[in-house]
2 protein chains.
Amino acid sequence: MTPFENGGKVTARIVETLGRAIVAGEYADRPLPIEADISEQFKASRSVTREAIKMLTAKGLIASRPRLGTSVAPERDWNFLDPDVLRWLLNRGLSLDLLAEFTAFRSAIEPQAASLAIRRNDPAAIARIGEAAERMTKGGMSQEDALQADIDFHVAILLASGNRFMIQCRDLVETALRFSIRLTNRQKGVATADSDAHRAIANAIAAGDAERAVSASRDLLNEAAALIEQARRAG
Amino acid sequence: MTPFENGGKVTARIVETLGRAIVAGEYADRPLPIEADISEQFKASRSVTREAIKMLTAKGLIASRPRLGTSVAPERDWNFLDPDVLRWLLNRGLSLDLLAEFTAFRSAIEPQAASLAIRRNDPAAIARIGEAAERMTKGGMSQEDALQADIDFHVAILLASGNRFMIQCRDLVETALRFSIRLTNRQKGVATADSDAHRAIANAIAAGDAERAVSASRDLLNEAAALIEQARRAG
DNA sequence: ATCACCATTTATCATATTAATACAGCGGCG
DNA sequence: CGCCGCTGTATTAATATGATAAATGGTGAT
């Protein structure tokens, strides 16, 4: 697959399982089992257990102290923008609250990224934005392909910004969008209006019109926020 | 100190040293030493070495494969927003480029956070913004205290937003600002104009005037960006 | 060119020792 | 009696050590 994978198979499994459980709040009010018990539970040696624990520590999820055992860190210490943590957060059952916060965050990032992309003016990167928008409108696409094109579009904007911190939000956007779009698409009927909005953003960026790009981007996100709010009220 | 600390002393030291070296590009074109050599270098057992390596792996900095050794991951996989990675990035000698990117990122986040803070309207949180602004103007402050008040001000805005992703950027802002403010303060003479700008933001938020808060916040950041750009041109 | 084997390095396991520290128990003292 | 400080002990993570397994690039035989 990717040229760079994670740690070993066993370690990865422990990290994944414990990470999900921690984020799900399973150990919110009590310490994790002691290393020996975790090792037994996963039929692994204490070494791998400890290595897994260290990985979770590095993600800010837990902290260990002799005699006290290992317990979950306060939520403000969690590395929310770590791709793994993010995925676990979403897999614990996506709350509309969290999705709303995602969208508010994107509302901050994306228009600014579009603006930066114009200032940076990397033709190849800007072209990729247009291509993705193109792909969204093209007929004969599966639901899945359309979703991917939509994601690619938003990621392309971040990449074109050339700002490393925005680019870092790529995983956030990718993961969150996959959920978000499914929700919003379920509400709105056809997505033609949506793809028009995307194209408007792409055009504004290509034309170098920062003001128009920002406002078009903002419109799109406001609509998404409104749909989420609507779903929230509907319960 | 803090109720939750990091891993053990030895492990932490290895993580710190290797992390800095990796971020500094020391292993950009060759693999890291093999586990045995790292262990020897740090006079530690292979266990702790491996645990340290796993922590760095969790931060996206490196990847290990049997027979190939351990090498630095492509930069786009690094968890830029991880507090440790961030600190290492800054400690490798602050480049103005990076600082400019920081500021552009903050330009996206902060005005939106201010806007969200108004919508959320948490009186206690908003009061803390005002207090920090107050502290900035009060006379008889050491340089260091004033800097801390400045940082507290910006962090308070993020906290007041109630958005967990913005709050997550707290470490980013805190770390980056500490560098950024030192630079900008060195350029401008006295900071009275600056503290007025801060107070304007606090007042707008307290008054619930989102539009004014956003534009005031934007003004402040634009000024910071201009100063950085100026420093950049000066070489 | 293909395939079996080898060497290297991480991955895992197993066990022992050390260090940190919460907690209980003891003794002193008001 | 009740409170305070000391001390010992048990618990648990931290570190050390050394061995075996698995993965895989390279090498040489066919």
# chains A, B, ... in the order shown; residues from 1 in each chain; ligands from 1
call {"tool": "residues_around", "arguments": {"residues": "region 63-66 of chain B", "least_positions_apart": "2", "cutoff": "9 Å", "atoms": "only C-alpha atoms (C1' of nucleotides)", "output": "number ranges by chain"}}
result
A: 4-8; B: 53-54, 56-57, 60-61, 68-73; C: 8-11; D: 22-24
call {"tool": "write_last_selection", "arguments": {"atoms": "N, CA and C atoms (P, O5', C5', C4', C3', O3' and C1' of nucleotides)", "output": "compact mmCIF listing (two decimals), in the first residue's frame"}}
result
# COMPACT_ATOMS: atom_id res chain seq x y z
N PHE A 4 4.98 3.97 3.44
CA PHE A 4 5.25 4.06 4.87
C PHE A 4 4.05 3.55 5.66
N GLU A 5 4.24 2.46 6.35
CA GLU A 5 3.15 1.94 7.14
C GLU A 5 3.38 2.26 8.60
N ASN A 6 2.45 1.81 9.40
CA ASN A 6 2.57 1.99 10.83
C ASN A 6 3.46 0.93 11.44
N GLY A 7 3.41 0.84 12.74
CA GLY A 7 4.20 -0.16 13.45
C GLY A 7 3.69 -1.56 13.12
N GLY A 8 4.24 -2.49 13.81
CA GLY A 8 3.94 -3.89 13.54
C GLY A 8 2.46 -4.20 13.65
N ILE B 53 11.00 5.34 19.58
CA ILE B 53 10.75 5.28 18.14
C ILE B 53 9.26 5.19 17.85
N LYS B 54 8.56 4.44 18.69
CA LYS B 54 7.12 4.32 18.50
C LYS B 54 6.41 5.65 18.74
N LEU B 56 7.70 8.60 18.16
CA LEU B 56 7.97 9.42 16.99
C LEU B 56 7.16 8.93 15.79
N THR B 57 6.96 7.63 15.73
CA THR B 57 6.11 7.08 14.67
C THR B 57 4.70 7.61 14.80
N GLY B 60 4.05 10.78 13.34
CA GLY B 60 4.15 10.82 11.88
C GLY B 60 5.52 11.17 11.35
N LEU B 61 6.51 11.22 12.22
CA LEU B 61 7.83 11.66 11.77
C LEU B 61 8.63 10.56 11.07
N LEU B 68 14.90 -2.74 6.25
CA LEU B 68 15.21 -1.44 5.66
C LEU B 68 15.62 -0.42 6.71
N GLY B 69 15.31 -0.72 7.95
CA GLY B 69 15.61 0.24 9.00
C GLY B 69 14.51 1.27 9.16
N THR B 70 14.85 2.35 9.84
CA THR B 70 13.87 3.38 10.16
C THR B 70 14.27 4.65 9.42
N SER B 71 13.31 5.25 8.73
CA SER B 71 13.66 6.50 8.07
C SER B 71 12.58 7.55 8.23
N VAL B 72 12.95 8.74 7.88
CA VAL B 72 12.06 9.88 8.06
C VAL B 72 10.93 9.82 7.05
N ALA B 73 9.73 10.06 7.50
CA ALA B 73 8.56 10.05 6.63
C ALA B 73 8.53 11.33 5.81
P DT C 8 25.00 -9.42 7.58
O5' DT C 8 23.75 -8.44 7.77
C5' DT C 8 23.30 -7.66 6.67
C4' DT C 8 21.99 -7.00 7.02
C3' DT C 8 21.96 -6.35 8.39
O3' DT C 8 21.43 -5.05 8.26
C1' DT C 8 20.10 -7.76 8.13
P DT C 9 21.79 -3.93 9.34
O5' DT C 9 20.34 -3.60 9.91
C5' DT C 9 19.28 -3.30 9.01
C4' DT C 9 17.96 -3.61 9.65
C3' DT C 9 17.86 -3.21 11.12
O3' DT C 9 16.88 -2.20 11.28
C1' DT C 9 16.94 -5.37 10.72
P DT C 10 16.53 -1.63 12.72
O5' DT C 10 15.01 -2.05 12.86
C5' DT C 10 14.09 -1.69 11.85
C4' DT C 10 12.91 -2.64 11.82
C3' DT C 10 11.94 -2.48 13.00
O3' DT C 10 10.62 -2.60 12.50
C1' DT C 10 12.69 -4.69 12.89
P DA C 11 9.38 -2.50 13.47
O5' DA C 11 9.13 -4.01 13.88
C5' DA C 11 8.35 -4.84 13.04
C4' DA C 11 7.90 -6.07 13.80
C3' DA C 11 7.15 -5.78 15.11
O3' DA C 11 5.98 -6.57 15.13
C1' DA C 11 8.98 -7.24 15.53
P DA D 22 7.19 -16.65 13.05
O5' DA D 22 7.40 -15.28 12.29
C5' DA D 22 6.77 -14.11 12.79
C4' DA D 22 7.13 -12.93 11.91
C3' DA D 22 6.91 -13.16 10.42
O3' DA D 22 6.33 -11.99 9.89
C1' DA D 22 9.13 -12.48 10.80
P DA D 23 5.67 -11.98 8.45
O5' DA D 23 6.50 -10.85 7.70
C5' DA D 23 6.73 -9.61 8.36
C4' DA D 23 7.89 -8.90 7.68
C3' DA D 23 7.82 -8.96 6.15
O3' DA D 23 8.02 -7.64 5.69
C1' DA D 23 9.94 -9.65 6.91
P DT D 24 7.59 -7.22 4.18
O5' DT D 24 9.00 -7.16 3.46
C5' DT D 24 10.04 -6.37 4.03
C4' DT D 24 11.35 -6.70 3.35
C3' DT D 24 11.20 -7.07 1.86
O3' DT D 24 12.23 -6.44 1.15
C1' DT D 24 12.50 -8.63 2.93
call {"tool": "interface_residues", "arguments": {"of": "chain A", "to": "chain B", "cutoff": "6 Å", "atoms": "only C-alpha atoms", "output": "MDAnalysis selection string"}}
result
chainID A and resid 4 51 54:55 58 63 101 108:109 112 163
call {"tool": "write_last_selection", "arguments": {"atoms": "N, CA and C atoms", "output": "mmCIF file, in the first residue's frame"}}
result
data_model
loop_
_atom_site.group_PDB
_atom_site.id
_atom_site.type_symbol
_atom_site.label_atom_id
_atom_site.label_comp_id
_atom_site.auth_asym_id
_atom_site.auth_seq_id
_atom_site.Cartn_x
_atom_site.Cartn_y
_atom_site.Cartn_z
ATOM 1 N N PHE A 4 4.976 3.975 3.443
ATOM 2 C CA PHE A 4 5.248 4.057 4.874
ATOM 3 C C PHE A 4 4.047 3.550 5.660
ATOM 4 N N GLU A 51 4.746 -0.464 23.972
ATOM 5 C CA GLU A 51 4.962 0.346 22.773
ATOM 6 C C GLU A 51 3.647 0.956 22.292
ATOM 7 N N LYS A 54 2.820 3.772 24.514
ATOM 8 C CA LYS A 54 3.634 4.939 24.211
ATOM 9 C C LYS A 54 3.089 5.683 22.994
ATOM 10 N N MET A 55 2.573 4.955 22.029
ATOM 11 C CA MET A 55 2.015 5.623 20.857
ATOM 12 C C MET A 55 0.785 6.438 21.250
ATOM 13 N N ALA A 58 1.839 9.484 22.927
ATOM 14 C CA ALA A 58 2.329 10.490 21.983
ATOM 15 C C ALA A 58 1.174 11.238 21.330
ATOM 16 N N ALA A 63 -1.803 9.082 29.935
ATOM 17 C CA ALA A 63 -0.562 9.359 30.650
ATOM 18 C C ALA A 63 -0.390 8.277 31.704
ATOM 19 N N GLU A 101 -19.096 21.456 14.597
ATOM 20 C CA GLU A 101 -17.816 22.076 14.933
ATOM 21 C C GLU A 101 -16.818 21.921 13.792
ATOM 22 N N ALA A 108 -13.495 28.531 8.757
ATOM 23 C CA ALA A 108 -12.351 29.395 8.998
ATOM 24 C C ALA A 108 -11.248 29.126 7.988
ATOM 25 N N ILE A 109 -10.994 27.867 7.743
ATOM 26 C CA ILE A 109 -9.828 27.467 6.951
ATOM 27 C C ILE A 109 -10.010 27.701 5.448
ATOM 28 N N GLN A 112 -9.925 31.183 3.572
ATOM 29 C CA GLN A 112 -8.572 31.720 3.674
ATOM 30 C C GLN A 112 -7.614 30.942 2.761
ATOM 31 N N ASN A 163 0.252 26.584 2.287
ATOM 32 C CA ASN A 163 0.482 26.800 3.716
ATOM 33 C C ASN A 163 0.515 25.447 4.427
#
call {"tool": "interface_residues", "arguments": {"of": "chain D", "to": "chain B", "cutoff": "8 Å", "atoms": "only C-alpha atoms (C1' of nucleotides)", "output": "list in words"}}
result
DA14, DT15, DA16, DT17, DA23, DT24 and DG25 of chain D
call {"tool": "residues_around", "arguments": {"residues": "DT30 (chain D)", "least_positions_apart": "2", "cutoff": "12 Å", "atoms": "only C-alpha atoms (C1' of nucleotides)", "output": "list of chain:residue names"}}
result
C:DA1, C:DT2, C:DC3, C:DA4, D:DG28
call {"tool": "write_last_selection", "arguments": {"atoms": "C-alpha atoms (C1' of nucleotides)", "output": "PDB file, in the first residue's frame"}}
result
ATOM      1  C1'  DA C   1      15.175 -15.001 -15.916  1.00  0.00           C
ATOM      2  C1'  DT C   2      13.627 -17.526 -11.929  1.00  0.00           C
ATOM      3  C1'  DC C   3      13.907 -19.329  -7.598  1.00  0.00           C
ATOM      4  C1'  DA C   4      15.928 -20.823  -3.271  1.00  0.00           C
TER       5       DA C   4
ATOM      6  C1'  DG D  28      24.073 -16.745  -6.245  1.00  0.00           C
TER       7       DG D  28
END
call {"tool": "residues_around", "arguments": {"residues": "DC3 (chain D)", "least_positions_apart": "4", "cutoff": "12 Å", "atoms": "only C-alpha atoms (C1' of nucleotides)", "output": "number ranges by chain"}}
result
C: 28-30
call {"tool": "interface_residues", "arguments": {"of": "chain C", "to": "chain A", "cutoff": "7 Å", "atoms": "only C-alpha atoms (C1' of nucleotides)", "output": "tab-separated table (two decimals) with C-alpha atoms (C1' of nucleotides), in the first residue's frame"}}
result
chain	number	residue	atom	x	y	z
C	11	DA	C1'	8.98	-7.24	15.53
C	13	DC	C1'	8.48	-12.56	23.40
C	20	DA	C1'	8.55	6.06	41.94
C	21	DT	C1'	4.88	6.74	45.01
C	22	DA	C1'	0.17	6.10	47.11
